[in-house]
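K.L.:
You'll find upload_4.txt just under this line, and it carries compact mmCIF, C-alpha atoms and all ligand atoms.
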```
# COMPACT_ATOMS: atom_id res chain seq x y z
CA MET F 1 5.73 13.65 5.45
CA LEU F 2 9.11 13.07 6.95
CA GLY F 3 11.92 10.58 6.52
CA LEU F 4 14.88 10.36 8.84
CA ARG F 5 17.86 8.17 8.18
CA MET F 6 19.06 5.67 10.73
CA LYS F 7 22.04 3.35 10.56
CA LYS F 8 20.11 0.35 9.32
CA GLY F 9 17.09 1.61 7.45
CA LEU F 10 14.66 4.41 6.93
CA VAL F 11 12.66 5.69 9.86
CA LEU F 12 9.52 7.49 8.83
CA ASP F 13 7.76 9.32 11.60
CA ASN F 14 4.90 10.14 9.29
CA VAL F 15 3.48 8.41 6.24
CA VAL F 16 5.14 9.48 3.01
CA LEU F 17 3.38 10.18 -0.25
CA LEU F 18 5.15 7.68 -2.49
CA GLY F 19 3.40 5.76 -5.23
CA ARG F 20 4.10 2.45 -6.90
CA THR F 21 3.17 1.29 -10.38
CA LEU F 22 0.92 -1.58 -11.45
CA GLU F 23 4.07 -3.56 -12.28
CA GLU F 24 5.21 -3.22 -8.66
CA TYR F 25 1.79 -4.07 -7.23
CA ARG F 26 1.69 -7.12 -9.50
CA ARG F 27 4.96 -8.32 -7.97
CA TYR F 28 4.17 -7.34 -4.39
CA PHE F 29 0.86 -9.20 -4.36
CA ALA F 30 1.68 -11.89 -6.95
CA LEU F 31 -1.37 -10.70 -8.87
CA ASP F 32 -2.52 -12.73 -11.82
CA LEU F 33 -3.66 -9.94 -14.11
CA ASN F 34 -6.36 -12.05 -15.75
CA SER F 35 -7.98 -13.68 -12.74
CA TRP F 36 -9.17 -10.45 -11.09
CA ARG F 37 -10.50 -8.77 -14.22
CA GLY F 38 -14.26 -8.28 -13.87
CA ARG F 39 -14.11 -8.50 -10.07
CA ARG F 40 -14.32 -5.52 -7.74
CA VAL F 41 -10.94 -4.52 -6.31
CA LEU F 42 -10.25 -1.95 -3.58
CA ASP F 43 -6.84 -0.34 -3.17
CA VAL F 44 -6.67 1.12 0.34
CA ALA F 45 -4.07 3.83 1.11
CA SER F 46 -3.49 4.05 -2.62
CA GLY F 47 -2.13 7.60 -2.47
CA VAL F 48 -0.24 8.57 -5.61
CA SER F 49 0.15 4.99 -6.83
CA SER F 50 -0.75 4.45 -10.49
CA PHE F 51 -2.14 0.96 -9.80
CA CYS F 52 -5.76 2.15 -9.94
CA ALA F 53 -5.23 4.19 -13.12
CA GLU F 54 -3.29 1.47 -14.93
CA ALA F 55 -5.48 -1.41 -13.82
CA ASN F 56 -8.70 0.36 -14.84
CA ALA F 57 -7.12 1.18 -18.19
CA ALA F 58 -6.43 -2.55 -18.55
CA GLY F 59 -10.08 -3.42 -17.94
CA TRP F 60 -10.09 -4.02 -14.18
CA ASP F 61 -12.63 -2.51 -11.81
CA VAL F 62 -10.52 -0.79 -9.14
CA THR F 63 -11.59 1.76 -6.53
CA ALA F 64 -8.86 3.70 -4.72
CA LEU F 65 -9.17 5.09 -1.20
CA ASP F 66 -6.86 7.54 0.55
CA PRO F 67 -7.19 10.61 2.78
CA ILE F 68 -5.33 12.69 0.18
CA TYR F 69 -8.26 12.43 -2.20
CA GLU F 70 -9.92 15.25 -0.35
CA LEU F 71 -7.21 17.41 -1.94
CA SER F 72 -7.21 18.75 -5.49
CA PRO F 73 -4.59 17.47 -7.98
CA GLU F 74 -2.92 20.90 -7.76
CA MET F 75 -2.48 20.46 -4.02
CA VAL F 76 -1.20 16.88 -4.26
CA GLU F 77 1.31 17.42 -7.06
CA PRO F 78 3.99 19.49 -5.23
CA ARG F 79 4.02 16.98 -2.35
CA CYS F 80 4.86 14.09 -4.70
CA GLU F 81 8.24 15.45 -5.73
CA LYS F 82 9.06 16.66 -2.22
CA ASP F 83 8.44 13.29 -0.55
CA LEU F 84 10.23 11.46 -3.36
CA ASP F 85 13.30 13.70 -2.92
CA LEU F 86 13.28 13.06 0.83
CA VAL F 87 13.25 9.31 0.46
CA ILE F 88 15.70 9.02 -2.45
CA ASP F 89 18.20 11.36 -0.75
CA ARG F 90 18.17 9.16 2.31
CA LEU F 91 18.77 5.85 0.56
CA PRO F 92 22.60 5.90 0.32
CA GLY F 93 24.12 4.10 3.29
CA THR F 94 21.04 2.06 4.09
CA THR F 95 21.57 -1.69 4.28
CA VAL F 96 18.04 -3.01 4.26
CA TYR F 97 17.39 -3.18 0.53
CA ASN F 98 17.92 -5.78 -2.16
CA TRP F 99 18.71 -3.82 -5.34
CA GLU F 100 18.30 -6.71 -7.76
CA PHE F 101 15.10 -5.34 -9.29
CA TYR F 102 15.61 -1.56 -9.18
CA GLN F 103 19.41 -1.65 -9.58
CA SER F 104 19.92 2.02 -8.59
CA PRO F 105 18.20 4.90 -6.77
CA GLU F 106 17.83 6.65 -10.16
CA ARG F 107 15.91 3.73 -11.62
CA LEU F 108 13.78 3.47 -8.48
CA ARG F 109 13.04 7.17 -8.80
CA GLY F 110 11.92 6.57 -12.39
CA PHE F 111 9.29 4.07 -11.19
CA ARG F 112 8.02 6.45 -8.52
CA GLU F 113 7.85 9.39 -10.94
CA ARG F 114 5.99 7.33 -13.51
CA ALA F 115 3.58 6.26 -10.81
CA TYR F 116 2.67 9.72 -9.56
CA ARG F 117 2.51 11.28 -13.02
CA THR F 118 0.18 8.52 -14.26
CA PHE F 119 -1.87 8.84 -11.08
CA LEU F 120 -2.19 12.63 -11.41
CA ALA F 121 -3.32 12.42 -15.04
CA ASP F 122 -6.05 9.93 -14.10
CA TYR F 123 -6.98 11.76 -10.89
CA ARG F 124 -7.62 14.93 -12.91
CA THR F 125 -10.12 13.22 -15.21
CA ALA F 126 -11.56 10.15 -13.43
CA THR F 127 -15.10 9.98 -12.08
CA PRO F 128 -15.26 10.82 -8.34
CA GLU F 129 -16.27 7.23 -7.50
CA ARG F 130 -12.84 5.98 -8.59
CA TYR F 131 -10.83 7.98 -6.03
CA VAL F 132 -12.62 8.00 -2.68
CA SER F 133 -11.46 10.12 0.24
CA GLY F 134 -11.32 8.16 3.48
CA SER F 135 -9.09 6.82 6.24
CA LEU F 136 -8.64 3.54 8.00
CA PRO F 137 -9.90 2.31 10.38
CA ARG F 138 -13.20 3.35 8.73
CA LEU F 139 -14.15 2.64 5.14
CA PRO F 140 -17.11 4.35 3.42
CA PHE F 141 -18.34 1.24 1.59
CA VAL F 142 -21.17 -1.23 2.13
CA SER F 143 -20.37 -4.66 3.56
CA GLY F 144 -19.02 -7.21 1.09
CA ALA F 145 -18.58 -4.64 -1.68
CA PHE F 146 -15.21 -5.93 -2.91
CA ASP F 147 -13.78 -9.25 -4.05
CA LEU F 148 -10.20 -8.24 -3.28
CA SER F 149 -8.74 -5.49 -1.10
CA LEU F 150 -5.09 -4.49 -1.22
CA VAL F 151 -3.06 -2.42 1.22
CA SER F 152 0.44 -1.58 0.09
CA TYR F 153 2.89 0.20 2.36
CA LEU F 154 0.65 1.35 5.17
CA LEU F 155 -0.20 -1.48 7.57
CA LEU F 156 2.57 -3.51 9.30
CA VAL F 157 5.41 -1.51 7.71
CA TYR F 158 4.42 1.58 9.75
CA GLN F 159 4.17 -0.49 12.92
CA LYS F 160 5.95 2.20 14.95
CA GLN F 161 3.51 4.92 13.98
CA LEU F 162 0.27 2.90 13.89
CA ASP F 163 -0.53 0.92 17.02
CA TYR F 164 -2.00 -2.56 17.34
CA SER F 165 -5.49 -1.29 18.02
CA PHE F 166 -5.42 0.69 14.76
CA HIS F 167 -4.29 -2.45 12.91
CA LYS F 168 -6.95 -4.62 14.44
CA GLN F 169 -9.78 -2.14 13.72
CA SER F 170 -8.44 -1.74 10.20
CA ILE F 171 -8.50 -5.48 9.59
CA LEU F 172 -12.04 -5.80 10.91
CA GLU F 173 -13.11 -2.97 8.62
CA LEU F 174 -11.22 -4.26 5.59
CA MET F 175 -12.82 -7.66 6.00
CA ARG F 176 -16.26 -6.11 6.48
CA VAL F 177 -16.12 -4.53 3.01
CA THR F 178 -14.33 -7.51 1.40
CA ARG F 179 -16.25 -10.65 0.46
CA GLY F 180 -13.13 -12.35 -0.94
CA GLU F 181 -9.69 -11.70 0.51
CA ALA F 182 -7.49 -8.85 1.67
CA ARG F 183 -3.76 -8.69 1.05
CA LEU F 184 -1.29 -6.58 3.01
CA TYR F 185 2.24 -5.83 1.80
CA PRO F 186 4.92 -5.91 3.09
CA VAL F 187 4.95 -7.89 6.34
CA VAL F 188 8.17 -6.25 7.55
CA THR F 189 8.89 -2.81 9.01
CA PHE F 190 11.14 -0.20 7.41
CA GLU F 191 13.98 -1.72 9.44
CA ALA F 192 13.31 -4.99 7.56
CA GLU F 193 12.10 -6.64 10.74
CA ARG F 194 9.08 -8.91 10.69
CA SER F 195 6.10 -7.02 12.14
CA GLU F 196 5.35 -8.14 15.66
CA TYR F 197 1.62 -7.67 14.95
CA LEU F 198 1.55 -10.81 12.79
CA ALA F 199 1.75 -13.10 15.80
CA ARG F 200 -0.84 -10.98 17.62
CA PHE F 201 -3.37 -11.31 14.78
CA ASP F 202 -3.16 -15.10 15.02
CA ALA F 203 -3.62 -15.06 18.78
CA ASP F 204 -6.34 -12.40 18.96
CA PRO F 205 -9.72 -13.83 20.06
CA GLU F 206 -11.52 -11.04 18.17
CA LEU F 207 -9.92 -12.05 14.87
CA THR F 208 -10.63 -15.78 14.94
CA GLN F 209 -13.17 -15.47 12.11
CA PHE F 210 -10.27 -14.81 9.73
CA SER F 211 -7.34 -16.89 8.53
CA PHE F 212 -3.95 -15.22 8.13
CA ASP F 213 -1.43 -16.72 5.71
CA GLU F 214 1.90 -15.40 4.56
CA VAL F 215 2.19 -16.05 0.86
CA PRO F 216 5.73 -16.11 -0.61
CA THR F 217 6.44 -14.09 -3.76
CA ASP F 218 9.49 -13.72 -5.98
CA PHE F 219 9.93 -9.99 -5.36
CA GLU F 220 12.05 -8.40 -2.66
CA PHE F 221 13.27 -4.82 -2.23
CA LEU F 222 13.02 -4.13 1.49
CA LEU F 223 14.71 -7.26 2.88
CA GLY F 224 12.12 -9.81 3.92
CA SER F 225 9.43 -8.26 1.72
CA ASN F 226 9.15 -11.33 -0.50
CA ARG F 227 5.76 -12.28 0.93
CA TYR F 228 2.37 -10.74 1.49
CA LEU F 229 -0.23 -11.38 4.18
CA ARG F 230 -3.46 -12.94 2.90
CA ILE F 231 -6.54 -12.56 5.11
CA ARG F 232 -9.65 -14.61 4.39
CA HIS F 233 -12.98 -15.27 6.04
CA ARG F 234 -12.96 -18.71 7.62
C1 LIG F 301 3.64 5.08 1.42
S1 LIG F 301 2.09 5.55 0.73
C2 LIG F 301 1.62 4.07 -0.12
C3 LIG F 301 0.84 4.36 -1.38
C4 LIG F 301 0.47 3.15 -2.20
N1 LIG F 301 -0.29 2.17 -1.46
C5 LIG F 301 1.70 2.49 -2.76
O1 LIG F 301 2.16 1.47 -2.26
O2 LIG F 301 2.24 3.05 -3.73
C6 LIG F 301 1.04 5.53 2.16
C7 LIG F 301 -0.33 6.12 1.91
O3 LIG F 301 -1.14 5.90 3.06
C8 LIG F 301 -2.05 6.97 3.16
N2 LIG F 301 -2.63 6.96 4.52
C9 LIG F 301 -2.13 7.51 5.64
N3 LIG F 301 -2.95 7.26 6.68
C10 LIG F 301 -4.00 6.53 6.19
C11 LIG F 301 -5.18 5.97 6.76
N4 LIG F 301 -5.45 6.11 8.07
N5 LIG F 301 -6.02 5.29 5.97
C12 LIG F 301 -5.76 5.12 4.65
N6 LIG F 301 -4.66 5.64 4.05
C13 LIG F 301 -3.79 6.34 4.81
C14 LIG F 301 -1.21 8.18 2.82
O4 LIG F 301 -1.99 9.28 2.46
C15 LIG F 301 -0.36 7.63 1.68
O5 LIG F 301 -0.93 7.93 0.44
```
I need this file expressed as structure tokens, please.
Ligand SMILES: C[S@@+](CC[C@H](N)C(=O)[O-])C[C@H]1O[C@@H](n2cnc3c(N)ncnc32)[C@H](O)[C@@H]1O
P.N.:
Amino acid sequence: MLGLRMKKGLVLDNVVLLGRTLEEYRRYFALDLNSWRGRRVLDVASGVSSFCAEANAAGWDVTALDPIYELSPEMVEPRCEKDLDLVIDRLPGTTVYNWEFYQSPERLRGFRERAYRTFLADYRTATPERYVSGSLPRLPFVSGAFDLSLVSYLLLVYQKQLDYSFHKQSILELMRVTRGEARLYPVVTFEAERSEYLARFDADPELTQFSFDEVPTDFEFLLGSNRYLRIRHR
């Protein structure tokens, strides 16, 4: 879990344990909170996000998957604050963020703290089926199990750390377990550059059974993150 500051943006040479709230997921993926209620939703690489906890409390049916769920809450908890400190400390001087929504690093920190605290409370008490340990590019679910799959802040944004082959296998696996659609957010890297994998998905002969559409949203923090990638079966 490491963040290093560069002139333009954050460079993360490993994946950090930062969690977003349901409110942030709603904006990232332009989720209509009513239309997915009663459908099966998978949050992949959900980590310490509170989306699963909050959405289930609101009557959704969400399953969360992340490699950290092989750890106990007591082992996860100290890493939350540590990774949050790393990232927040490195924000000043970066030029790749639009602060309109969060306004300040302190307010951003408040969102992240709320997320991991809400996650931990749910993680301590939820049934084991809600938080499933696993790692892309393999998912421990039967084919077509989910109506909607979400991936926030793992694919595309970590383009430097996760190669094209990993992305392609992950998409094939996501779409195997998803009968509806998958959404990936954001479509830019931590340097706020559009992921070069987007063009490769469109041109890849092994992905022609899927359509890839960038759907605009009204939320942007990392510059260029005001869209998500929607993947559907053709
Ligand atoms: C930056 S966090 C994003 C958490 C959450 N999706 C959110 O947006 O708040 C990235 C997460 O990806 C998880 N991760 C790392 N490698 C993974 C893999 N191969 N498959 C699934 N999740 C992975 C990490 O454990 C971490 O929880």
K.L.:
By how many Å are atom CA of F:Pro105 and atom CA of F:Leu222 apart?
P.N.:
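The value is 13.3 Å.
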K.L.:
Give as a count of residues only the set of residues within 12 Å of the point (-7.5, 9.0, 0.6), where distances use the file's coordinates and all atoms listed in the file.
P.N.:
31
K.L.:
Please list as a VMD selection string every residue within 8 Å of stretch 56-62 of chain F, counting only C-alpha atoms and excluding residues in the same chain fewer than 5 positions away.
P.N.:
chain F and resid 36 to 43 130
K.L.:
Could the residues in this selection be saved with C-alpha atoms as a compact mmCIF listing (two decimals), keeping the file's coordinate frame?
P.N.:
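Final output, saved to selection04.txt:
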```txt
# COMPACT_ATOMS: atom_id res chain seq x y z
CA TRP F 36 -9.17 -10.45 -11.09
CA ARG F 37 -10.50 -8.77 -14.22
CA GLY F 38 -14.26 -8.28 -13.87
CA ARG F 39 -14.11 -8.50 -10.07
CA ARG F 40 -14.32 -5.52 -7.74
CA VAL F 41 -10.94 -4.52 -6.31
CA LEU F 42 -10.25 -1.95 -3.58
CA ASP F 43 -6.84 -0.34 -3.17
CA ARG F 130 -12.84 5.98 -8.59
```
K.L.:
Return as JSON the box centre and box size in Å, one decimal, for an axis-aligned box around all listed atoms of ligand LIG 301 (chain F) padded by 3 Å per side.
P.N.:
```
{"center_x": -1.2, "center_y": 5.4, "center_z": 2.2, "size_x": 15.7, "size_y": 13.8, "size_z": 17.8}
```
K.L.:
Quick one: residues within 7 Å of F:Cys80, only C-alpha atoms counted, chain neighbours fewer than 2 positions away excluded, as a list in words?
P.N.:
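My list of contacting residues is Leu17, Leu18, Val76, Glu77, Pro78, Lys82, Asp83, Leu84 and Tyr116 of chain F.
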K.L.:
Please write the residues from the selection above to a file, keeping C-alpha atoms, as an mmCIF file, in the frame of the given file.
P.N.:
```
data_model
loop_
_atom_site.group_PDB
_atom_site.id
_atom_site.type_symbol
_atom_site.label_atom_id
_atom_site.label_comp_id
_atom_site.auth_asym_id
_atom_site.auth_seq_id
_atom_site.Cartn_x
_atom_site.Cartn_y
_atom_site.Cartn_z
ATOM 1 C CA LEU F 17 3.380 10.180 -0.250
ATOM 2 C CA LEU F 18 5.150 7.680 -2.490
ATOM 3 C CA VAL F 76 -1.200 16.880 -4.260
ATOM 4 C CA GLU F 77 1.310 17.420 -7.060
ATOM 5 C CA PRO F 78 3.990 19.490 -5.230
ATOM 6 C CA LYS F 82 9.060 16.660 -2.220
ATOM 7 C CA ASP F 83 8.440 13.290 -0.550
ATOM 8 C CA LEU F 84 10.230 11.460 -3.360
ATOM 9 C CA TYR F 116 2.670 9.720 -9.560
#
```
K.L.:
Tell me which protein, DNA and RNA residues are within 8 Å of F:Phe212, counting all atoms listed in the file, leaving out same-chain ones fewer than 5 positions away, and put them as JSON, numbers by chain.
P.N.:
{"F": [201, 202, 229, 230, 231, 232]}
K.L.:
Of the candidates F:Asp163, F:Asp204, F:Glu100, F:Glu74, which one gets nearest to ligand LIG 301 (chain F) if we count only C-alpha atoms and all ligand atoms?
P.N.:
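Closest candidate: F:Asp163.
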